[in-house]
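Read through the structure below, which is laid out as structure tokens, and then see the notes.
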Amino acid sequence: MFAATAIDTSNKPAFYNELATQLKALLEGERDSIANAANTSALIYQMVPGLNWAGFYFLQSDEELVLGPFQGKPACVRIAVGKGVCGTAIDLGMSMLIKDVNDFPGHIACDADSRSELVVLLRDADGVFGVLDLDSPLPARFDKEDQAGIEKLAAIYVAASSFED
């Protein structure tokens with residue numbers, strides 16, 4: 001049985017390295033993408049301080065993302081590519097680090113308490129197929145170290161799941 005262990009958060013690179021080790025152990029031997037997304041979002045939500053939402057959106061078509069497993073308040077189910085932070089990340093083909101969502105034109109407020117957001121792409125050999133989305137009630141909660149750490153966790157999720165054989 002897996003049990004997350006507390007990690008010192010004072011050194012972000014070390015924190016994310018340890019969290020990556022725990023995520024690999026949690027996902028080891030499981031290939032189901034939905035089960036792995038559920039456990040990935042749960043671990044991130046439990047371990048990363050200052051979050052009010054952590055979860056996945058998957059491309060349903062070239063025009064739309066659909067909600068996947070998450071932790072937090074109920075969320076928007078469908079997001080058009082090019083809309084909001086998640087849809088813009090897909091449209092631009094890059095991660096998005098938003099210090100204040102109120103300053104992001106077209107932000108979709110699924111939770112009015114969210115103030116900052118980090119969205120990283122999920123990419124396999126066939127290209128981008130979704131995003132891992134983190135929200136925080138704290139302005140400027142995320143920085144480049146968080147982005148690098150969450151991108152590493154997203155890559156672990158993709159590698160562990162049935163997307164790459």
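By convention here, the chains of the structure tokens are called A, B, ... in the order presented, each chain's residues are numbered starting at 1, and ligands are numbered starting at 1 in the order presented.
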Check which residues of stretch 2-71 of chain A sit at most 10 Å from stretch 86-105 of chain A using only C-alpha atoms, and return one row each with the closest pair of atoms and their distance in Å to one decimal, ordered by chain and rising number, as a Markdown table.
| residue | atom | partner | partner_atom | distance |
| --- | --- | --- | --- | --- |
| A:Phe56 | CA | A:Cys86 | CA | 9.7 |
| A:Tyr57 | CA | A:Cys86 | CA | 7.9 |
| A:Leu59 | CA | A:Ile90 | CA | 8.9 |
| A:Asp62 | CA | A:Ile90 | CA | 9.6 |
| A:Glu63 | CA | A:Gly87 | CA | 8.9 |
| A:Glu64 | CA | A:Gly87 | CA | 7.9 |
| A:Leu65 | CA | A:Gly87 | CA | 7.2 |
Legend entry - Nearby residues (only C-alpha atoms) at most 12 Å from A:Asp135, same-chain spacing under 4 positions excluded, as a VMD selection string: chain A and resid 41 44 to 45 48 to 56 70 to 73 75 85 to 86 96 to 101 108 to 120 139 to 142
Inset, instruction - Extract, using only C-alpha atoms, all DNA, RNA and protein residues at most 10 Å from A:Lys24, discarding same-chain residues fewer than 5 positions from it, and format them as a list in words. - result: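 What passes the distance filter is Glu18, Leu19, Gly29, Thr40, Leu153, Ile156, Tyr157, Ala159 and Ala160 of chain A.
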Just to be explicit: take each residue in the selection above, keep all heavy atoms, and write the result as an mmCIF file, in the first residue's frame.
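out.cif was written with the following content:
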data_model
loop_
_atom_site.group_PDB
_atom_site.id
_atom_site.type_symbol
_atom_site.label_atom_id
_atom_site.label_comp_id
_atom_site.auth_asym_id
_atom_site.auth_seq_id
_atom_site.Cartn_x
_atom_site.Cartn_y
_atom_site.Cartn_z
ATOM 1 N N GLU A 18 11.572 14.876 -4.774
ATOM 2 C CA GLU A 18 11.010 13.873 -3.854
ATOM 3 C C GLU A 18 9.572 13.538 -4.250
ATOM 4 O O GLU A 18 9.166 12.375 -4.216
ATOM 5 C CB GLU A 18 11.077 14.352 -2.410
ATOM 6 C CG GLU A 18 10.448 13.412 -1.403
ATOM 7 C CD GLU A 18 11.013 11.997 -1.390
ATOM 8 O OE1 GLU A 18 12.206 11.813 -1.714
ATOM 9 O OE2 GLU A 18 10.264 11.052 -1.050
ATOM 10 N N LEU A 19 8.795 14.554 -4.632
ATOM 11 C CA LEU A 19 7.423 14.298 -5.059
ATOM 12 C C LEU A 19 7.406 13.420 -6.321
ATOM 13 O O LEU A 19 6.563 12.528 -6.451
ATOM 14 C CB LEU A 19 6.692 15.620 -5.303
ATOM 15 C CG LEU A 19 5.177 15.535 -5.505
ATOM 16 C CD1 LEU A 19 4.481 14.834 -4.347
ATOM 17 C CD2 LEU A 19 4.609 16.935 -5.706
ATOM 18 N N GLY A 29 3.541 0.063 -12.064
ATOM 19 C CA GLY A 29 2.794 -1.146 -12.383
ATOM 20 C C GLY A 29 1.372 -0.903 -12.855
ATOM 21 O O GLY A 29 0.696 -1.853 -13.243
ATOM 22 N N THR A 40 -2.588 10.814 -9.518
ATOM 23 C CA THR A 40 -1.668 11.934 -9.695
ATOM 24 C C THR A 40 -2.279 13.211 -9.141
ATOM 25 O O THR A 40 -1.630 13.950 -8.396
ATOM 26 C CB THR A 40 -1.295 12.104 -11.183
ATOM 27 O OG1 THR A 40 -0.634 10.913 -11.628
ATOM 28 C CG2 THR A 40 -0.381 13.307 -11.400
ATOM 29 N N LEU A 153 6.280 16.065 -13.197
ATOM 30 C CA LEU A 153 5.234 15.161 -12.726
ATOM 31 C C LEU A 153 4.305 14.764 -13.869
ATOM 32 O O LEU A 153 3.894 13.602 -13.966
ATOM 33 C CB LEU A 153 4.432 15.805 -11.588
ATOM 34 C CG LEU A 153 5.216 16.147 -10.320
ATOM 35 C CD1 LEU A 153 4.311 16.806 -9.305
ATOM 36 C CD2 LEU A 153 5.902 14.925 -9.733
ATOM 37 N N ILE A 156 5.927 12.080 -15.857
ATOM 38 C CA ILE A 156 5.857 10.790 -15.157
ATOM 39 C C ILE A 156 4.486 10.158 -15.373
ATOM 40 O O ILE A 156 4.371 8.965 -15.649
ATOM 41 C CB ILE A 156 6.176 10.970 -13.657
ATOM 42 C CG1 ILE A 156 7.647 11.345 -13.482
ATOM 43 C CG2 ILE A 156 5.802 9.720 -12.852
ATOM 44 C CD1 ILE A 156 8.003 11.844 -12.099
ATOM 45 N N TYR A 157 3.442 10.976 -15.260
ATOM 46 C CA TYR A 157 2.084 10.476 -15.510
ATOM 47 C C TYR A 157 1.974 9.893 -16.925
ATOM 48 O O TYR A 157 1.474 8.782 -17.116
ATOM 49 C CB TYR A 157 1.054 11.596 -15.295
ATOM 50 C CG TYR A 157 -0.258 11.275 -15.943
ATOM 51 C CD1 TYR A 157 -1.123 10.350 -15.376
ATOM 52 C CD2 TYR A 157 -0.621 11.840 -17.167
ATOM 53 C CE1 TYR A 157 -2.312 10.006 -16.002
ATOM 54 C CE2 TYR A 157 -1.796 11.502 -17.797
ATOM 55 C CZ TYR A 157 -2.648 10.589 -17.206
ATOM 56 O OH TYR A 157 -3.812 10.241 -17.838
ATOM 57 N N ALA A 159 4.326 8.834 -18.985
ATOM 58 C CA ALA A 159 5.157 7.639 -19.149
ATOM 59 C C ALA A 159 4.551 6.415 -18.459
ATOM 60 O O ALA A 159 4.660 5.292 -18.968
ATOM 61 C CB ALA A 159 6.562 7.895 -18.606
ATOM 62 N N ALA A 160 3.894 6.607 -17.332
ATOM 63 C CA ALA A 160 3.331 5.492 -16.578
ATOM 64 C C ALA A 160 2.023 4.986 -17.164
ATOM 65 O O ALA A 160 1.649 3.841 -16.945
ATOM 66 C CB ALA A 160 3.109 5.907 -15.124
#
Legend entry - Nearest to A:Phe58, chosen from A:Lys12, A:Arg31, A:Arg123, A:Lys83, with only C-alpha atoms counted in the distances: A:Arg123
Inset, instruction - For A:Pro13, please output as a list of chain:residue names all residues within 7 Å (counting only C-alpha atoms; exclusion window: fewer than 3 positions along the same chain). - result: A:Tyr16, A:Asn17, A:Glu145
Inset, instruction - Would you please extract all helix (DSSP H, G or I) residues from stretch 50-108 of chain A, as assigned by DSSP on the backbone, and give them as a PyMOL selection string? - result: chain A and resi 84-92+101-103
Inset, instruction - For atom CA of A:Gly149 and atom CA of A:Ala42, quote the distance in Å rounded to one decimal. - result: 16.0 Å
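When atom CA of A:Gln22 is paired with atom CA of A:Ala4, their separation reads 6.9 Å.
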Legend entry - Among the residues A:Ser136, A:Asn11, A:Asp32, A:Ala155, the one that comes closest to A:Asp124 [using only C-alpha atoms]: A:Ala155
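Interatomic distance, atom CA of A:Asp146 against atom CA of A:Leu134: 10.3 Å.
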Inset, instruction - Mind listing the strand (DSSP E or B) residues of chain A, per DSSP on the backbone, as an MDAnalysis selection string? - result: chainID A and resid 53:61 64:72 78:80 96:98 116:124 127:136
Legend entry - Among the residues A:Arg78, A:Phe15, A:Leu138, A:Phe2, the one that comes closest to A:Glu28 [using only C-alpha atoms]: A:Phe2
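Among the candidate residues A:Pro137, A:Val158, A:Asp143, A:Gln46, the one lying nearest to A:Leu121 is A:Val158, with distances computed using only C-alpha atoms.
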Inset, instruction - Find, counting only C-alpha atoms, the residue in A:Ala38, A:Val81, A:Leu23, A:Leu43 that gets nearest to A:Val66. - result: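 Using only C-alpha atoms, the shortest distance to A:Val66 belongs to A:Val81.
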Inset, instruction - Check the smallest atom-to-atom distance from each of A:Asp8, A:Leu122, A:Ala3, A:Gly82 to A:Ala25 using only C-alpha atoms, then report the winner. - result: A:Ala3
